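What's in entry-v8.pdb: PDB, C-alpha atoms
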ATOM      1  CA  MET A   1     -32.578   9.261  56.847
ATOM      2  CA  LEU A   2     -30.481  11.145  54.340
ATOM      3  CA  SER A   3     -31.658  14.463  53.055
ATOM      4  CA  LYS A   4     -32.047  15.000  49.341
ATOM      5  CA  PHE A   5     -28.951  17.237  49.358
ATOM      6  CA  HIS A   6     -26.665  14.711  50.953
ATOM      7  CA  PRO A   7     -23.218  14.689  49.215
ATOM      8  CA  LYS A   8     -23.243  10.917  48.570
ATOM      9  CA  ILE A   9     -26.552  11.101  46.702
ATOM     10  CA  ILE A  10     -25.432  14.104  44.650
ATOM     11  CA  SER A  11     -22.183  12.405  43.615
ATOM     12  CA  MET A  12     -24.091   9.184  42.675
ATOM     13  CA  LYS A  13     -26.432  11.256  40.507
ATOM     14  CA  ARG A  14     -23.446  12.897  38.828
ATOM     15  CA  ILE A  15     -21.838   9.515  38.136
ATOM     16  CA  LEU A  16     -25.114   8.183  36.728
ATOM     17  CA  LEU A  17     -25.535  11.300  34.555
ATOM     18  CA  LEU A  18     -21.941  11.042  33.298
ATOM     19  CA  PHE A  19     -22.404   7.336  32.490
ATOM     20  CA  THR A  20     -25.643   8.097  30.576
ATOM     21  CA  CYS A  21     -23.889  10.808  28.555
ATOM     22  CA  PHE A  22     -21.108   8.393  27.562
ATOM     23  CA  LEU A  23     -23.666   5.836  26.434
ATOM     24  CA  LEU A  24     -25.465   8.423  24.314
ATOM     25  CA  ILE A  25     -22.276   9.727  22.742
ATOM     26  CA  PHE A  26     -20.808   6.321  21.884
ATOM     27  CA  GLY A  27     -24.200   4.885  20.951
ATOM     28  CA  ALA A  28     -24.647   7.621  18.336
ATOM     29  CA  GLY A  29     -21.862   6.041  16.263
ATOM     30  CA  ALA A  30     -23.964   2.907  15.818
ATOM     31  CA  GLN A  31     -26.615   4.655  13.753
ATOM     32  CA  LEU A  32     -27.650   3.378  10.361
ATOM     33  CA  LYS A  33     -25.426   4.325   7.452
ATOM     34  CA  THR A  34     -26.443   4.466   3.810
ATOM     35  CA  SER A  35     -24.888   2.100   1.290
ATOM     36  CA  ILE A  36     -22.640   3.494  -1.407
ATOM     37  CA  VAL A  37     -24.287   2.938  -4.764
ATOM     38  CA  CYS A  38     -22.945   3.606  -8.240
ATOM     39  CA  ASN A  39     -25.036   4.121 -11.327
ATOM     40  CA  ASN A  40     -24.762   1.396 -13.943
ATOM     41  CA  PHE A  41     -21.374   1.512 -15.649
ATOM     42  CA  VAL A  42     -21.573   2.726 -19.242
ATOM     43  CA  VAL A  43     -18.399   2.451 -21.307
ATOM     44  CA  ASP A  44     -18.185   4.966 -24.150
ATOM     45  CA  VAL A  45     -15.847   2.952 -26.372
ATOM     46  CA  LEU A  46     -15.325   5.661 -29.015
ATOM     47  CA  GLY A  47     -15.022   8.424 -26.384
ATOM     48  CA  GLY A  48     -12.683   6.511 -24.056
ATOM     49  CA  LYS A  49     -14.747   7.057 -20.902
ATOM     50  CA  VAL A  50     -16.615   5.105 -18.226
ATOM     51  CA  ASN A  51     -19.516   7.195 -16.849
ATOM     52  CA  GLY A  52     -17.483  10.260 -17.847
ATOM     53  CA  VAL A  53     -14.302   9.019 -16.125
ATOM     54  CA  GLN A  54     -11.220   9.075 -18.370
ATOM     55  CA  SER A  55      -8.142   6.867 -18.214
ATOM     56  CA  ASP A  56      -5.872   9.696 -17.038
ATOM     57  CA  PHE A  57      -7.964  10.698 -13.986
ATOM     58  CA  LEU A  58      -6.263  10.532 -10.596
ATOM     59  CA  GLN A  59      -7.416   7.992  -8.004
ATOM     60  CA  ALA A  60      -9.209  10.564  -5.846
ATOM     61  CA  ARG A  61     -11.328  11.727  -8.760
ATOM     62  CA  ILE A  62     -12.187   8.189  -9.889
ATOM     63  CA  LYS A  63     -13.251   7.269  -6.332
ATOM     64  CA  LYS A  64     -15.337  10.441  -6.105
ATOM     65  CA  GLU A  65     -17.089   9.831  -9.440
ATOM     66  CA  LEU A  66     -17.483   6.059  -8.916
ATOM     67  CA  PRO A  67     -17.457   5.538  -5.122
ATOM     68  CA  CYS A  68     -18.446   1.837  -5.109
ATOM     69  CA  PHE A  69     -14.930   0.456  -5.702
ATOM     70  CA  THR A  70     -14.091  -2.902  -4.135
ATOM     71  CA  SER A  71     -10.340  -2.338  -3.690
ATOM     72  CA  GLU A  72      -7.471  -0.037  -4.555
ATOM     73  CA  GLU A  73      -3.704   0.136  -4.767
ATOM     74  CA  PRO A  74      -2.524   3.507  -3.452
ATOM     75  CA  ASP A  75      -0.215   5.864  -5.330
ATOM     76  CA  GLY A  76       3.427   5.012  -4.716
ATOM     77  CA  THR A  77       2.703   1.306  -4.331
ATOM     78  CA  THR A  78       5.243  -1.329  -5.302
ATOM     79  CA  ALA A  79       2.506  -3.557  -6.752
ATOM     80  CA  LYS A  80       3.342  -5.119 -10.123
ATOM     81  CA  CYS A  81       0.794  -3.057 -12.071
ATOM     82  CA  GLY A  82       1.078   0.112  -9.984
ATOM     83  CA  ALA A  83      -1.690   2.165  -8.421
ATOM     84  CA  GLY A  84      -5.318   1.693  -9.330
ATOM     85  CA  VAL A  85      -8.974   1.650  -8.386
ATOM     86  CA  PHE A  86     -10.746  -1.658  -8.896
ATOM     87  CA  TYR A  87     -14.366  -2.738  -9.265
ATOM     88  CA  LYS A  88     -13.999  -6.514  -9.082
ATOM     89  CA  ASP A  89     -17.746  -7.106  -8.783
ATOM     90  CA  LYS A  90     -18.216  -5.318 -12.125
ATOM     91  CA  ASP A  91     -14.979  -6.693 -13.683
ATOM     92  CA  ILE A  92     -13.557  -3.261 -14.539
ATOM     93  CA  TYR A  93     -10.166  -1.899 -13.427
ATOM     94  CA  PHE A  94      -8.640   1.608 -13.545
ATOM     95  CA  TYR A  95      -4.818   1.465 -13.580
ATOM     96  CA  THR A  96      -3.901   5.016 -12.615
ATOM     97  CA  THR A  97      -0.096   4.703 -12.700
ATOM     98  CA  ARG A  98      -0.195   3.280 -16.223
ATOM     99  CA  LYS A  99      -3.184   5.455 -17.227
ATOM    100  CA  TYR A 100      -5.488   2.871 -18.764
ATOM    101  CA  ILE A 101      -8.836   1.217 -18.102
ATOM    102  CA  GLU A 102      -9.341  -2.530 -18.403
ATOM    103  CA  ILE A 103     -12.691  -4.246 -18.964
ATOM    104  CA  ARG A 104     -12.719  -7.984 -18.495
ATOM    105  CA  GLU A 105     -14.948 -10.731 -19.789
ATOM    106  CA  LYS A 106     -17.526 -10.718 -16.961
ATOM    107  CA  PHE A 107     -18.062  -6.935 -17.139
ATOM    108  CA  GLN A 108     -21.299  -5.850 -15.463
ATOM    109  CA  GLY A 109     -22.409  -2.790 -17.394
ATOM    110  CA  LYS A 110     -23.102  -1.473 -20.869
ATOM    111  CA  LEU A 111     -20.725  -0.945 -23.790
ATOM    112  CA  THR A 112     -21.782   1.710 -26.343
ATOM    113  CA  ILE A 113     -20.442  -0.649 -29.015
ATOM    114  CA  PRO A 114     -21.104  -4.335 -28.221
ATOM    115  CA  LEU A 115     -17.472  -5.425 -28.355
ATOM    116  CA  MET A 116     -17.299  -8.051 -25.610
ATOM    117  CA  GLY A 117     -17.665 -11.443 -27.263
ATOM    118  CA  ALA A 118     -17.644  -9.938 -30.773
ATOM    119  CA  ALA A 119     -15.755 -11.803 -33.495
ATOM    120  CA  ARG A 120     -12.432 -10.349 -34.611
ATOM    121  CA  ASN A 121     -13.561 -10.160 -38.250
ATOM    122  CA  SER A 122     -16.678  -8.090 -37.371
ATOM    123  CA  LEU A 123     -14.966  -4.953 -36.029
ATOM    124  CA  PHE A 124     -14.113  -2.996 -39.183
ATOM    125  CA  LYS A 125     -17.555  -1.341 -39.380
ATOM    126  CA  TRP A 126     -16.981   0.301 -35.977
ATOM    127  CA  LEU A 127     -13.225   0.706 -35.705
ATOM    128  CA  GLY A 128     -11.648   0.450 -39.152
ATOM    129  CA  ASN A 129      -8.272  -1.274 -39.481
ATOM    130  CA  PRO A 130      -6.056  -1.797 -36.435
ATOM    131  CA  LYS A 131      -2.846   0.205 -36.134
ATOM    132  CA  ILE A 132      -1.019  -2.819 -34.678
ATOM    133  CA  LYS A 133      -2.064  -6.427 -35.160
ATOM    134  CA  ASP A 134      -0.814  -9.423 -33.189
ATOM    135  CA  VAL A 135      -1.843 -13.067 -32.918
ATOM    136  CA  SER A 136      -4.077 -12.536 -29.867
ATOM    137  CA  TRP A 137      -4.741  -8.765 -29.843
ATOM    138  CA  ASP A 138      -5.262  -5.669 -32.003
ATOM    139  CA  ALA A 139      -4.515  -2.031 -31.128
ATOM    140  CA  TYR A 140      -6.616   0.721 -32.686
ATOM    141  CA  GLN A 141      -5.713   4.401 -32.820
ATOM    142  CA  THR A 142      -8.737   6.422 -31.653
ATOM    143  CA  GLN A 143      -9.593  10.114 -31.246
ATOM    144  CA  TYR A 144      -8.734   9.893 -27.530
ATOM    145  CA  GLY A 145      -5.695   7.563 -27.771
ATOM    146  CA  THR A 146      -5.528   3.766 -27.998
ATOM    147  CA  LEU A 147      -8.022   0.910 -27.821
ATOM    148  CA  VAL A 148      -6.570  -2.600 -27.372
ATOM    149  CA  LEU A 149      -8.775  -5.634 -27.934
ATOM    150  CA  HIS A 150      -7.695  -9.122 -26.832
ATOM    151  CA  TYR A 151      -9.127 -12.318 -28.292
ATOM    152  CA  ASN A 152      -9.693 -15.817 -26.968
ATOM    153  CA  LYS A 153      -8.860 -18.960 -28.983
ATOM    154  CA  ALA A 154     -12.238 -18.732 -30.761
ATOM    155  CA  GLY A 155     -11.320 -15.241 -32.061
ATOM    156  CA  LYS A 156     -13.829 -13.422 -29.833
ATOM    157  CA  ILE A 157     -13.054 -10.382 -27.682
ATOM    158  CA  ASN A 158     -12.531 -11.259 -24.015
ATOM    159  CA  LEU A 159     -10.578  -8.206 -22.780
ATOM    160  CA  ILE A 160     -10.777  -4.490 -23.620
ATOM    161  CA  GLN A 161      -8.158  -1.906 -22.643
ATOM    162  CA  PHE A 162      -8.142   1.782 -23.507
ATOM    163  CA  SER A 163      -6.055   4.840 -22.753
ATOM    164  CA  LYS A 164      -5.503   8.441 -23.768
ATOM    165  CA  LEU A 165      -1.890   7.453 -24.462
ATOM    166  CA  THR A 166      -0.629   6.518 -27.929
ATOM    167  CA  THR A 167       0.409   2.960 -28.762
ATOM    168  CA  ASP A 168       4.065   4.025 -28.408
ATOM    169  CA  ALA A 169       3.583   5.418 -24.879
ATOM    170  CA  LEU A 170       1.137   2.820 -23.531
ATOM    171  CA  SER A 171       2.540   0.329 -20.987
ATOM    172  CA  LEU A 172       0.065  -2.432 -20.174
ATOM    173  CA  CYS A 173       0.382  -4.759 -17.212
ATOM    174  CA  GLU A 174       0.816  -8.422 -18.046
TER
END
Go through the file and emit its structure as structure tokens.
Amino acid sequence: MLSKFHPKIISMKRILLLFTCFLLIFGAGAQLKTSIVCNNFVVDVLGGKVNGVQSDFLQARIKKELPCFTSEEPDGTTAKCGAGVFYKDKDIYFYTTRKYIEIREKFQGKLTIPLMGAARNSLFKWLGNPKIKDVSWDAYQTQYGTLVLHYNKAGKINLIQFSKLTTDALSLCE
């Protein structure tokens, strides 16, 4: 019979203890993690902000303020529209290289002025006359920069873009 201090038993206990420690350490990584949640998106049309985020914010700051993004294009990318932070599930896109925010037709959030789907001839009461007028879009000069509204064939707004840049400096992605 082996004594309780036999070297083979001691080394087996050490191996078992070491194995248990590894399981505990690597098992700790499998703990529950909280989901990233953003508040409802509120677009301040006249202020040029989304939940306080402005069109000239850097990617890191946008991701910090609105952490529930679905994808991104990093700074220095060769993508057609440049770098950006995107919220595809909410249909809102922050183009950081070009410094503008784009709100598309299926936007999931609140607009301080109900522009999406509004008729082209109903905007004067909120925005006045456009600075530039085209067949399918109008550009308005605002206190913060530029607001561009795009219209569908029925003359209703289906795309909103805004930036702190002037109409002369703004470069939108097509």
For CA of Asn129 in chain A and CA of Gly145 in chain A, determine how far apart the two atoms are, in Å to one decimal place.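 Separation of CA of Asn129 in chain A and CA of Gly145 in chain A: 14.9 Å.
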Neighbour list for range 34-36 of chain A as a VMD selection string, cut-off 12 Å, only C-alpha atoms, skip fewer than 6 positions in-chain: chain A and resid 63 to 70
Could you tell me which residues the PyMOL selection byres ((chain A and resi 152) around 10) returns for this structure, as a PyMOL selection string? chain A and resi 117+119-120+136-137+150-151+153-159
Can you pull out the residues contacting Asp75 in chain A? Cut-off 12 Å, using only C-alpha atoms, and skip same-chain residues under 6 positions away; I want them as a count of residues only. 12
For the structure provided, state which residues fall under the PyMOL selection byres ((chain A and resi 174) around 9), and present them as a list in words. Lys80, Cys81, Leu172 and Cys173 of chain A
Residues selected by the PyMOL selection byres ((chain A and resi 109) around 12), written as a PDB file with C-alpha atoms, keeping the file's coordinate frame:
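What follows is the written file part.pdb:
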ATOM      1  CA  CYS A  38     -22.945   3.606  -8.240  1.00  0.00           C
ATOM      2  CA  ASN A  39     -25.036   4.121 -11.327  1.00  0.00           C
ATOM      3  CA  ASN A  40     -24.762   1.396 -13.943  1.00  0.00           C
ATOM      4  CA  PHE A  41     -21.374   1.512 -15.649  1.00  0.00           C
ATOM      5  CA  VAL A  42     -21.573   2.726 -19.242  1.00  0.00           C
ATOM      6  CA  VAL A  43     -18.399   2.451 -21.307  1.00  0.00           C
ATOM      7  CA  ASP A  44     -18.185   4.966 -24.150  1.00  0.00           C
ATOM      8  CA  VAL A  50     -16.615   5.105 -18.226  1.00  0.00           C
ATOM      9  CA  ASN A  51     -19.516   7.195 -16.849  1.00  0.00           C
ATOM     10  CA  TYR A  87     -14.366  -2.738  -9.265  1.00  0.00           C
ATOM     11  CA  ASP A  89     -17.746  -7.106  -8.783  1.00  0.00           C
ATOM     12  CA  LYS A  90     -18.216  -5.318 -12.125  1.00  0.00           C
ATOM     13  CA  ASP A  91     -14.979  -6.693 -13.683  1.00  0.00           C
ATOM     14  CA  ILE A  92     -13.557  -3.261 -14.539  1.00  0.00           C
ATOM     15  CA  ILE A 103     -12.691  -4.246 -18.964  1.00  0.00           C
ATOM     16  CA  ARG A 104     -12.719  -7.984 -18.495  1.00  0.00           C
ATOM     17  CA  GLU A 105     -14.948 -10.731 -19.789  1.00  0.00           C
ATOM     18  CA  LYS A 106     -17.526 -10.718 -16.961  1.00  0.00           C
ATOM     19  CA  PHE A 107     -18.062  -6.935 -17.139  1.00  0.00           C
ATOM     20  CA  GLN A 108     -21.299  -5.850 -15.463  1.00  0.00           C
ATOM     21  CA  LYS A 110     -23.102  -1.473 -20.869  1.00  0.00           C
ATOM     22  CA  LEU A 111     -20.725  -0.945 -23.790  1.00  0.00           C
ATOM     23  CA  THR A 112     -21.782   1.710 -26.343  1.00  0.00           C
ATOM     24  CA  ILE A 113     -20.442  -0.649 -29.015  1.00  0.00           C
ATOM     25  CA  PRO A 114     -21.104  -4.335 -28.221  1.00  0.00           C
ATOM     26  CA  MET A 116     -17.299  -8.051 -25.610  1.00  0.00           C
TER      27      MET A 116
END
In Å, with one decimal, what is the gap from CA of Tyr93 in chain A to CA of Ile132 in chain A?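 Calculated distance between CA of Tyr93 in chain A and CA of Ile132 in chain A is 23.2 Å.
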Can you tell me how far CA of Gly48 in chain A sits from CA of Ser122 in chain A, in Å to one decimal?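 Going from CA of Gly48 in chain A over to CA of Ser122 in chain A, I get 20.2 Å.
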Could you give me the axis-aligned bounding box of range 58-69 of chain A, with 4 Å of padding per side, as centre plus edge lengths in Å to one decimal, as lines of an AutoDock Vina configuration file?
center_x = -12.4
center_y = 6.1
center_z = -7.9
size_x = 20.2
size_y = 19.3
size_z = 13.5
From the set A:Ser71, A:Thr78, A:Gln161, A:Ser171, which residue has the shortest atom-to-atom contact distance to Ala139 in chain A, counting all atoms listed in the file?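 Of the candidates, the smallest distance to Ala139 in chain A is held by A:Gln161.
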